[in-house]
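Source file: upload22.txt; contents: compact mmCIF, C-alpha atoms.
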# COMPACT_ATOMS: atom_id res chain seq x y z
CA ARG E 1 130.99 78.65 152.88
CA GLU E 2 127.83 80.69 153.15
CA ALA E 3 124.89 80.18 155.52
CA LEU E 4 121.17 80.80 155.24
CA ARG E 5 119.89 83.91 156.99
CA ILE E 6 116.73 82.93 158.87
CA ALA E 7 115.59 86.05 160.71
CA GLY E 8 119.24 87.02 161.06
CA GLU E 9 120.43 83.63 162.31
CA LYS E 10 123.14 81.96 160.21
CA VAL E 11 122.11 78.38 159.42
CA HIS E 12 124.36 75.85 157.69
CA ARG E 13 123.21 72.65 156.01
CA ASP E 14 125.13 69.55 154.96
CA ARG E 15 123.69 69.68 151.43
CA THR E 16 125.09 72.60 149.45
CA ILE E 17 125.05 74.25 146.02
CA GLU E 18 128.30 75.28 144.36
CA VAL E 19 128.65 78.82 143.00
CA ALA E 20 131.14 79.12 140.13
CA TYR E 21 132.98 82.06 138.55
CA PRO E 22 131.70 81.91 134.94
CA TYR E 23 134.96 83.16 133.42
CA THR E 24 137.08 80.28 134.73
CA GLY E 25 134.54 77.76 136.00
CA GLU E 26 136.25 77.84 139.41
CA VAL E 27 134.01 77.14 142.41
CA ILE E 28 134.18 80.27 144.57
CA ALA E 29 131.62 79.43 147.26
CA THR E 30 128.97 77.02 148.48
CA VAL E 31 125.53 77.94 149.75
CA PRO E 32 123.15 75.70 151.72
CA LYS E 33 120.20 73.83 150.29
CA ALA E 34 117.38 74.99 152.51
CA THR E 35 114.94 72.33 153.70
CA LEU E 36 111.16 72.63 153.68
CA ASP E 37 111.33 73.14 157.44
CA ASP E 38 113.72 76.06 156.89
CA VAL E 39 111.21 77.64 154.50
CA ARG E 40 108.29 77.11 156.85
CA ASN E 41 110.26 78.45 159.81
CA ALA E 42 111.31 81.61 157.96
CA LEU E 43 107.76 82.27 156.75
CA ARG E 44 106.26 81.61 160.19
CA ILE E 45 108.68 84.05 161.85
CA ALA E 46 107.87 86.68 159.23
CA ARG E 47 104.13 86.13 159.59
CA ASP E 48 104.19 86.31 163.40
CA TYR E 49 106.38 89.41 163.63
CA LYS E 50 104.43 92.65 163.88
CA PRO E 51 106.73 95.50 162.86
CA THR E 52 106.43 98.80 164.69
CA LEU E 53 109.07 100.84 162.87
CA THR E 54 108.09 104.47 162.44
CA ARG E 55 108.38 106.12 159.04
CA TYR E 56 111.49 107.92 160.24
CA GLU E 57 113.06 104.68 161.50
CA ARG E 58 112.45 102.98 158.17
CA TYR E 59 113.93 106.00 156.40
CA LYS E 60 117.04 105.88 158.59
CA ILE E 61 117.56 102.13 158.07
CA LEU E 62 117.37 102.44 154.29
CA MET E 63 119.61 105.50 154.16
CA ARG E 64 122.15 103.88 156.50
CA ALA E 65 122.18 100.77 154.30
CA GLY E 66 122.95 102.97 151.32
CA GLU E 67 125.87 104.52 153.20
CA ILE E 68 127.27 101.10 154.13
CA ILE E 69 126.97 99.86 150.54
CA ALA E 70 128.78 102.95 149.27
CA SER E 71 131.60 102.32 151.78
CA ARG E 72 131.91 98.71 150.58
CA LEU E 73 131.69 99.47 146.88
CA ASP E 74 134.75 97.48 145.81
CA GLU E 75 133.89 94.38 147.85
CA MET E 76 130.32 94.25 146.58
CA SER E 77 131.37 94.88 142.99
CA ARG E 78 133.94 92.06 143.17
CA THR E 79 131.33 89.69 144.62
CA ILE E 80 128.88 90.49 141.81
CA THR E 81 131.58 89.96 139.18
CA LEU E 82 132.76 86.68 140.72
CA GLU E 83 129.31 85.10 140.86
CA SER E 84 127.92 86.51 137.60
CA GLY E 85 130.89 87.07 135.28
CA LEU E 86 129.78 90.66 134.66
CA SER E 87 132.60 93.12 134.01
CA ARG E 88 133.79 95.31 136.86
CA LYS E 89 132.47 98.31 134.92
CA ASP E 90 128.97 96.80 135.01
CA SER E 91 129.15 95.60 138.61
CA LEU E 92 130.44 98.95 139.89
CA TYR E 93 127.56 100.67 138.10
CA GLU E 94 125.10 98.23 139.68
CA VAL E 95 126.35 98.90 143.20
CA GLY E 96 126.05 102.63 142.57
CA ARG E 97 122.45 102.21 141.41
CA ALA E 98 121.62 100.29 144.59
CA SER E 99 122.09 103.45 146.65
CA ASP E 100 119.64 105.22 144.32
CA VAL E 101 116.98 102.57 144.93
CA LEU E 102 117.48 102.79 148.68
CA LEU E 103 117.19 106.60 148.50
CA PHE E 104 113.89 106.39 146.61
CA ALA E 105 112.51 103.77 149.01
CA ALA E 106 113.63 105.79 152.03
CA ASN E 107 111.90 108.91 150.73
CA GLN E 108 108.76 106.92 149.97
CA ALA E 109 108.67 105.74 153.59
CA LEU E 110 108.17 109.40 154.60
CA VAL E 111 105.15 109.92 152.33
CA ASP E 112 101.80 109.98 154.11
CA ASP E 113 99.82 107.51 152.01
CA GLY E 114 96.52 107.95 153.84
CA GLN E 115 93.58 109.72 152.21
CA VAL E 116 90.55 111.70 153.30
CA PHE E 117 87.18 111.47 151.52
CA SER E 118 84.06 113.63 152.00
CA CYS E 119 80.75 111.82 152.47
CA ASP E 120 78.31 114.63 151.64
CA LEU E 121 78.31 113.77 147.93
CA THR E 122 74.74 112.45 147.53
CA HIS E 123 71.39 113.06 149.16
CA HIS E 124 72.10 110.00 151.35
CA GLY E 125 75.45 111.40 152.44
CA LYS E 126 76.24 113.05 155.73
CA SER E 127 78.64 115.80 156.59
CA ARG E 128 81.31 113.30 157.56
CA LYS E 129 84.85 112.38 156.52
CA VAL E 130 86.31 108.96 155.82
CA TYR E 131 89.98 108.59 156.71
CA THR E 132 92.02 105.75 155.20
CA MET E 133 95.41 104.35 156.11
CA ARG E 134 97.73 101.80 154.53
CA GLU E 135 99.03 98.99 156.71
CA PRO E 136 101.53 96.16 156.14
CA LEU E 137 100.25 92.86 154.85
CA GLN E 138 99.12 90.39 157.49
CA GLY E 139 101.45 87.71 156.13
CA ALA E 140 104.87 87.50 154.56
CA ILE E 141 106.16 88.46 151.13
CA THR E 142 107.94 85.79 149.08
CA ALA E 143 110.50 87.31 146.69
CA ILE E 144 112.18 85.24 143.97
CA THR E 145 114.93 87.00 142.01
CA PRO E 146 116.95 86.17 138.86
CA PHE E 147 120.68 86.06 138.16
CA ASN E 148 121.19 89.06 135.89
CA HIS E 149 121.42 91.77 138.57
CA PRO E 150 122.51 90.00 141.77
CA LEU E 151 122.14 93.16 143.86
CA ASN E 152 119.58 95.36 142.15
CA GLN E 153 116.97 92.71 141.39
CA VAL E 154 117.09 91.89 145.10
CA ILE E 155 117.08 95.46 146.36
CA HIS E 156 114.16 96.40 144.08
CA LYS E 157 112.04 93.98 146.11
CA VAL E 158 113.54 94.28 149.58
CA ALA E 159 113.74 98.09 149.84
CA PRO E 160 110.03 98.76 149.12
CA ALA E 161 109.09 95.99 151.58
CA ILE E 162 111.09 97.69 154.31
CA ALA E 163 109.70 101.11 153.38
CA THR E 164 106.17 99.78 153.93
CA ASN E 165 106.94 97.84 157.15
CA ASN E 166 106.47 94.45 155.50
CA ARG E 167 108.35 91.22 156.18
CA ILE E 168 110.05 89.45 153.30
CA VAL E 169 111.54 86.01 152.66
CA LEU E 170 113.93 86.14 149.72
CA LYS E 171 115.10 83.32 147.46
CA PRO E 172 117.83 84.66 145.17
CA SER E 173 118.93 82.78 142.08
CA GLU E 174 121.05 79.78 143.02
CA LYS E 175 123.50 80.99 140.34
CA THR E 176 124.13 84.38 142.00
CA PRO E 177 123.18 84.18 145.70
CA LEU E 178 126.25 85.68 147.38
CA THR E 179 125.42 89.38 147.02
CA ALA E 180 121.97 88.79 148.54
CA PHE E 181 123.59 87.48 151.73
CA LEU E 182 125.87 90.52 151.82
CA LEU E 183 122.87 92.82 151.47
CA ALA E 184 120.97 91.07 154.26
CA ASP E 185 123.91 91.50 156.65
CA ILE E 186 124.17 95.18 155.69
CA LEU E 187 120.47 95.74 156.40
CA TYR E 188 120.76 94.01 159.79
CA GLU E 189 123.76 96.23 160.55
CA ALA E 190 121.73 99.29 159.51
CA GLY E 191 119.14 98.46 162.17
CA LEU E 192 116.55 96.33 160.39
CA PRO E 193 114.84 93.95 162.82
CA PRO E 194 116.10 90.56 161.58
CA GLN E 195 112.60 89.06 161.66
CA MET E 196 111.75 91.32 158.72
CA LEU E 197 114.19 89.67 156.30
CA SER E 198 115.28 86.08 155.70
CA VAL E 199 117.39 84.83 152.77
CA LEU E 200 117.05 81.21 151.65
CA THR E 201 118.98 79.35 148.96
CA GLY E 202 118.08 75.95 147.65
CA ASP E 203 116.85 73.76 144.85
CA PRO E 204 113.72 75.35 143.33
CA LYS E 205 112.32 71.87 142.68
CA GLU E 206 112.35 71.26 146.44
CA ILE E 207 111.37 74.59 148.00
CA ALA E 208 109.65 76.75 145.38
CA ASP E 209 106.14 75.36 145.83
CA GLU E 210 106.29 75.95 149.59
CA LEU E 211 107.33 79.55 148.99
CA LEU E 212 104.31 79.98 146.69
CA THR E 213 101.57 78.11 148.54
CA ASN E 214 102.37 78.41 152.25
CA ALA E 215 99.46 79.93 154.18
CA ASP E 216 101.79 82.46 155.81
CA VAL E 217 102.48 84.11 152.42
CA ASP E 218 100.27 87.00 151.30
CA LEU E 219 102.22 88.24 148.26
CA VAL E 220 104.60 86.66 145.74
CA THR E 221 106.93 88.86 143.71
CA PHE E 222 109.00 87.31 140.93
CA THR E 223 111.29 88.55 138.16
CA GLY E 224 112.39 86.03 135.54
CA GLY E 225 111.31 83.96 132.57
CA VAL E 226 107.81 83.56 131.16
CA PRO E 227 107.42 79.77 131.72
CA ILE E 228 108.25 80.06 135.43
CA GLY E 229 106.09 83.18 135.75
CA LYS E 230 103.12 81.32 134.29
CA TYR E 231 103.78 78.44 136.68
CA ILE E 232 103.80 80.83 139.64
CA ALA E 233 100.59 82.49 138.45
CA GLY E 234 98.84 79.12 138.44
CA LYS E 235 100.37 77.84 141.66
CA ALA E 236 100.27 80.85 144.01
CA THR E 237 96.48 81.05 144.04
CA TYR E 238 94.74 83.40 146.45
CA LYS E 239 97.95 85.41 146.78
CA ARG E 240 98.76 88.85 145.44
CA GLN E 241 101.26 88.49 142.61
CA ILE E 242 103.81 90.79 140.98
CA LEU E 243 105.37 89.13 137.93
CA GLU E 244 107.93 90.80 135.63
CA LEU E 245 108.68 88.36 132.84
CA GLY E 246 111.17 89.83 130.41
CA GLY E 247 111.02 91.75 127.16
CA ASN E 248 112.08 91.81 123.52
CA ASP E 249 112.77 95.51 123.26
CA PRO E 250 113.35 97.16 119.87
CA ILE E 251 115.33 100.19 118.90
CA ILE E 252 113.62 101.71 115.84
CA VAL E 253 115.80 103.92 113.62
CA MET E 254 113.89 106.13 111.17
CA GLU E 255 115.26 107.66 107.95
CA ASP E 256 115.67 111.12 109.55
CA ALA E 257 117.60 109.88 112.61
CA ASP E 258 121.07 110.91 113.71
CA ILE E 259 122.68 107.60 112.68
CA GLU E 260 125.83 108.08 114.77
CA GLU E 261 123.69 108.62 117.85
CA ALA E 262 121.40 105.70 116.96
CA ALA E 263 124.32 103.29 116.53
CA THR E 264 125.80 104.39 119.87
CA LEU E 265 122.49 103.84 121.65
CA ALA E 266 122.05 100.48 119.94
CA ALA E 267 125.48 99.21 120.98
CA ASN E 268 125.17 100.46 124.55
CA GLY E 269 121.68 99.07 124.88
CA SER E 270 122.64 95.69 123.45
CA TYR E 271 125.89 94.91 125.27
CA LYS E 272 125.68 96.48 128.72
CA ASN E 273 125.43 93.80 131.41
CA SER E 274 126.40 91.30 128.67
CA GLY E 275 122.95 91.86 127.15
CA GLN E 276 121.32 90.17 130.14
CA ARG E 277 118.68 92.76 130.94
CA CYS E 278 114.94 92.64 130.44
CA THR E 279 115.16 96.15 128.92
CA ALA E 280 118.23 95.50 126.76
CA VAL E 281 118.04 96.30 123.04
CA LYS E 282 117.18 92.89 121.59
CA ARG E 283 115.99 93.89 118.10
CA MET E 284 117.26 96.68 115.85
CA LEU E 285 114.65 97.87 113.35
CA VAL E 286 116.30 100.18 110.81
CA HIS E 287 114.81 102.05 107.83
CA GLU E 288 116.23 100.57 104.63
CA SER E 289 117.49 103.96 103.39
CA VAL E 290 119.94 104.30 106.32
CA ALA E 291 120.50 100.63 107.18
CA ASP E 292 123.87 100.23 105.42
CA GLN E 293 125.31 103.26 107.20
CA PHE E 294 123.84 102.17 110.55
CA VAL E 295 125.25 98.64 110.29
CA GLU E 296 128.74 99.86 109.43
CA LEU E 297 128.74 102.16 112.46
CA LEU E 298 127.30 99.43 114.69
CA VAL E 299 129.98 96.97 113.59
CA ALA E 300 132.70 99.54 114.28
CA LYS E 301 131.35 100.25 117.76
CA THR E 302 131.00 96.52 118.46
CA ARG E 303 134.58 95.84 117.36
CA ALA E 304 135.79 98.61 119.66
CA LEU E 305 134.32 96.89 122.72
CA LYS E 306 136.82 95.05 124.87
CA TYR E 307 135.35 91.77 126.06
CA GLY E 308 137.01 89.10 128.15
CA ASP E 309 138.40 88.98 131.70
CA PRO E 310 135.65 90.45 133.89
CA MET E 311 138.13 91.47 136.59
CA ASP E 312 140.19 93.61 134.21
CA PRO E 313 139.06 97.20 134.91
CA ASP E 314 139.35 98.01 131.19
CA THR E 315 136.99 95.22 130.11
CA ASP E 316 133.70 96.54 128.75
CA MET E 317 131.86 93.22 128.69
CA GLY E 318 132.47 90.05 130.69
CA THR E 319 130.86 86.65 130.34
CA VAL E 320 127.24 85.64 130.25
CA ILE E 321 125.92 83.72 133.24
CA ASP E 322 127.17 80.26 132.23
CA GLU E 323 128.33 78.12 129.34
CA ALA E 324 124.83 76.77 128.68
CA ALA E 325 123.55 80.29 128.04
CA ALA E 326 126.48 81.06 125.73
CA LYS E 327 125.82 77.87 123.76
CA GLN E 328 122.17 78.88 123.35
CA PHE E 329 123.12 82.28 121.89
CA GLU E 330 125.57 80.59 119.53
CA ALA E 331 122.84 78.16 118.43
CA VAL E 332 120.17 80.79 117.66
CA VAL E 333 122.72 82.91 115.76
CA ASN E 334 123.83 79.88 113.71
CA GLU E 335 120.18 79.09 113.01
CA ALA E 336 119.63 82.64 111.73
CA ILE E 337 122.73 82.47 109.52
CA ALA E 338 121.54 79.18 108.05
CA ALA E 339 118.19 80.85 107.29
CA GLY E 340 119.78 83.77 105.42
CA ALA E 341 120.94 86.32 107.99
CA ARG E 342 124.43 87.74 107.48
CA LEU E 343 126.98 87.57 110.29
CA ARG E 344 128.85 90.87 110.39
CA TYR E 345 130.82 90.37 113.59
CA GLY E 346 131.24 87.96 116.49
CA ASN E 347 129.49 84.65 117.24
CA GLU E 348 132.64 83.42 118.96
CA ARG E 349 132.39 81.44 122.18
CA ARG E 350 134.81 80.15 124.80
CA GLY E 351 133.03 78.59 127.75
CA ALA E 352 130.70 81.24 129.17
CA LEU E 353 132.47 84.01 127.23
CA TYR E 354 130.41 84.95 124.18
CA SER E 355 131.46 87.80 121.92
CA PRO E 356 129.23 90.78 121.12
CA THR E 357 127.61 89.79 117.84
CA VAL E 358 126.05 91.68 114.91
CA LEU E 359 123.62 90.04 112.47
CA ASP E 360 122.26 91.88 109.41
CA HIS E 361 119.28 91.10 107.15
CA VAL E 362 117.44 89.30 109.94
CA ASP E 363 113.88 88.16 109.29
CA PRO E 364 111.48 89.12 112.13
CA GLU E 365 110.28 85.50 112.31
CA MET E 366 113.74 84.10 113.09
CA THR E 367 114.15 82.81 116.65
CA VAL E 368 116.87 85.36 117.37
CA ALA E 369 114.32 88.17 116.82
CA LYS E 370 110.95 86.57 117.53
CA HIS E 371 111.88 85.44 121.04
CA GLU E 372 113.91 87.06 123.80
CA THR E 373 117.64 86.51 123.25
CA PHE E 374 118.98 87.33 126.70
CA GLY E 375 122.55 88.03 125.61
CA PRO E 376 124.88 90.32 123.61
CA VAL E 377 123.36 89.75 120.16
CA SER E 378 122.38 92.60 117.80
CA PRO E 379 119.94 91.43 115.09
CA VAL E 380 119.29 94.13 112.45
CA ILE E 381 115.90 94.03 110.72
CA ARG E 382 115.33 96.34 107.75
CA PHE E 383 111.95 97.95 107.08
CA ARG E 384 110.43 100.21 104.39
CA ASN E 385 108.11 102.57 106.29
CA ILE E 386 106.66 103.35 109.69
CA ASP E 387 103.68 101.05 109.22
CA GLU E 388 106.01 98.11 108.70
CA ALA E 389 108.19 99.15 111.66
CA ILE E 390 105.17 99.19 113.99
CA ARG E 391 103.93 95.85 112.65
CA ILE E 392 107.33 94.21 113.16
CA SER E 393 107.78 95.71 116.63
CA ASN E 394 104.36 94.45 117.72
CA GLY E 395 104.92 91.02 116.13
CA THR E 396 106.21 89.38 119.30
CA ALA E 397 104.66 88.12 122.51
CA TYR E 398 106.69 90.58 124.58
CA GLY E 399 105.92 94.23 125.27
CA LEU E 400 108.11 95.95 127.86
CA SER E 401 110.01 98.96 126.55
CA SER E 402 111.32 100.46 123.31
CA SER E 403 113.63 103.06 121.81
CA ILE E 404 112.91 105.29 118.83
CA CYS E 405 115.42 107.43 116.94
CA THR E 406 113.73 110.24 115.03
CA ASN E 407 113.12 113.98 115.23
CA ARG E 408 109.69 113.92 113.61
CA LEU E 409 106.86 114.60 116.04
CA ASP E 410 104.33 112.81 113.82
CA TYR E 411 106.46 109.65 114.00
CA ILE E 412 106.92 110.03 117.76
CA THR E 413 103.21 110.40 118.46
CA ARG E 414 102.38 107.37 116.30
CA PHE E 415 104.95 105.21 118.07
CA ILE E 416 103.70 106.28 121.49
CA ARG E 417 100.12 105.51 120.48
CA GLU E 418 100.63 102.29 118.51
CA LEU E 419 103.61 100.38 119.97
CA ASN E 420 102.42 97.69 122.38
CA VAL E 421 105.01 98.49 125.03
CA GLY E 422 105.08 99.96 128.51
CA SER E 423 107.45 102.81 127.64
CA VAL E 424 108.69 104.61 124.54
CA ASN E 425 112.12 106.23 124.91
CA VAL E 426 112.86 108.97 122.38
CA ARG E 427 116.56 109.05 121.44
CA GLU E 428 117.41 107.01 124.54
CA VAL E 429 117.95 103.31 125.31
CA PRO E 430 114.91 101.21 126.31
CA GLY E 431 116.41 100.63 129.74
CA TYR E 432 116.49 104.29 130.74
CA ARG E 433 114.64 104.98 133.99
CA LEU E 434 115.14 106.29 137.48
In C-alpha cells, what does this structure look like?
Amino acid sequence: REALRIAGEKVHRDRTIEVAYPYTGEVIATVPKATLDDVRNALRIARDYKPTLTRYERYKILMRAGEIIASRLDEMSRTITLESGLSRKDSLYEVGRASDVLLFAANQALVDDGQVFSCDLTHHGKSRKVYTMREPLQGAITAITPFNHPLNQVIHKVAPAIATNNRIVLKPSEKTPLTAFLLADILYEAGLPPQMLSVLTGDPKEIADELLTNADVDLVTFTGGVPIGKYIAGKATYKRQILELGGNDPIIVMEDADIEEAATLAANGSYKNSGQRCTAVKRMLVHESVADQFVELLVAKTRALKYGDPMDPDTDMGTVIDEAAAKQFEAVVNEAIAAGARLRYGNERRGALYSPTVLDHVDPEMTVAKHETFGPVSPVIRFRNIDEAIRISNGTAYGLSSSICTNRLDYITRFIRELNVGSVNVREVPGYRL
C-alpha cells in the first residue's frame, strides 16, 4: 500500500489505483490517486524552495544514490519485473544502467558551465569581459514518464534536475509507479533535500492539466506517445518543453553485410525489453539478394529465445505491459497477414504474454511497419537498392534512430546524409548509446 511522496512526506489517500503483475494479472500493490490540492501543494513547495547545494554536494548525493541502488539490485529488479512483466534479465540490466546515468549526472554537476566573453570586438566595444552563469529555474519541473523503463525513464529526468539544483515533481506511469517511489526514498536517504523531489500518482484525466498549466511550473518534460505529446505541447503554453515521442527505427541490411551479425543485431534490437523501447528495431529493411538467408537466421534466433515467466532467471523475454497491448500487436500482425505478409514465427498470445514474432514480405504501408509497433514484432521489408531503402526508411512520420549493416563507406555516408533520423548506428543496434 504505497503513499505519495510530497517533499518527502508520505501521504495516503482513500482513492487508489491497483498495480497488477502482467504475467498473472495479480494485484501486487495500490498507489494513491493524488488530488488537485496534492499537485498544487507539491508544486508550491518546489517553487518556494531555493536550493543551495554546492556542486560537490550534488555530486555526492548522486554518487551515493548509485551506491545504494547497486546494493539493492535484486529488490529493485524484482520490483521492476513485478510491475512491468519484463524479464529479470531485462530488469537487472536496467538497474545496472541506472548507476551509469547517476554517474554521468554527478560528473556533469562538477562542470563549470559559466562562460567568459570579450567585449572589445567592435569599434563600440570596450576592454571589458562579460561573465555568465547558469542558475536553476525559478519554478518547478514537471516530469511525466512512461511504463517501459520504470527506473531509467524516471532517472533520466530526475538525475539531471538534481545535478543542476532544480526541483522536480514527478508523475510516473500509473501502470509502473512502484520503482519511482523506491528511487525517491533512495535519493532522500542519499541526502537530497526532500523539497527538491515529489512523486505523485493519479488519474491523468484529473491531475495532468494542473501539472502542465500551474503557474509554479517552468518546464515540462515528457516521454511517451505522440498524441499525448501533442496535447502537452498545446496545453503547457509559456513553459519550456522537452518532448520525446517515440520512434519507428529501421535496421537496414545491405547486400554486402555480414548476415549472421545482422540477424543477431535485428533479434536483439527487436526483442529486448519485450520490444517496448523507443529505439527498438521496429522495421527490418533487407536487400532482396540476401533476404532469404537473413529471414532464416532471424527465425532461428527468434525460436531460440525463451519467453514466458518473467521471474525465471533463464527467461529472455517476459510479457508486454498488459493484455490490451498484446491484443493490439496480435491485431496489427493479423491485419498484415490478411494483406499478404507471411507469418514465419510467433503471433501467439496468452493474456499479456505475446510471443516474439517474425513477418516476411511486409509492405511498408502496412500498419505494422508504417506506425510504431511498440512490441516484439519483426516485420521484414525487402528492397532492391539503396535508393529504395532510403525512401522506405524515410516513409514514416517517425525519425529517431537507425541501424545499418554494411562495410561500404559510400553506403554509410549516404545513409548518414539522407536518413531522416537523429542517429545512424553502423553495425550496431539503434538503441546503442551511453
Would you compute the box with edges along x, y and z of the file around region 102-115 of chain E, including every atom the file lists for it and 3 Å extra on each side, and give its centre and edge lengths in Å to one decimal, as lines of an AutoDock Vina configuration file?
center_x = 105.5
center_y = 106.4
center_z = 150.6
size_x = 29.9
size_y = 13.2
size_z = 14.0
Would you please work out which residue, of E:Asp38, E:Glu244, E:Ala352, E:Gly346, is nearest to Ala20 (chain E) when using all atoms listed in the file? E:Ala352
Neighbours of Val295 (chain E) within 12 Å (only C-alpha atoms; same-chain residues fewer than 5 positions away dropped), as number ranges by chain? E: 253, 259-260, 262-264, 266-267, 284-290, 300-302, 342-345, 357-361, 378-382
Near region 57-64 of chain E, counting all atoms listed in the file, which residues have an atom at most 8 Å away, once you skip same-chain residues fewer than 4 positions from it, shown as a PyMOL selection string? chain E and resi 53+68+102-103+105-107+109-110+159+162-163+165+187+190-192
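Note that the spacing between CA of Tyr131 (chain E) and CA of Gln115 (chain E) amounts to 5.9 Å.
CA of Ala46 (chain E) lies 24.7 Å from CA of Gly114 (chain E).
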Within 12 Å of (112.3, 72.8, 145.0), all atoms listed in the file: residues as an MDAnalysis selection string? chainID E and resid 33:36 39 171 174 200:212
Residues near Arg277 (chain E), anyone? I mean within 9 Å using only C-alpha atoms, not counting same-chain ones fewer than 3 positions away, as a PyMOL selection string. chain E and resi 148-149+246-247+270+272-274+280-281+374-375+431
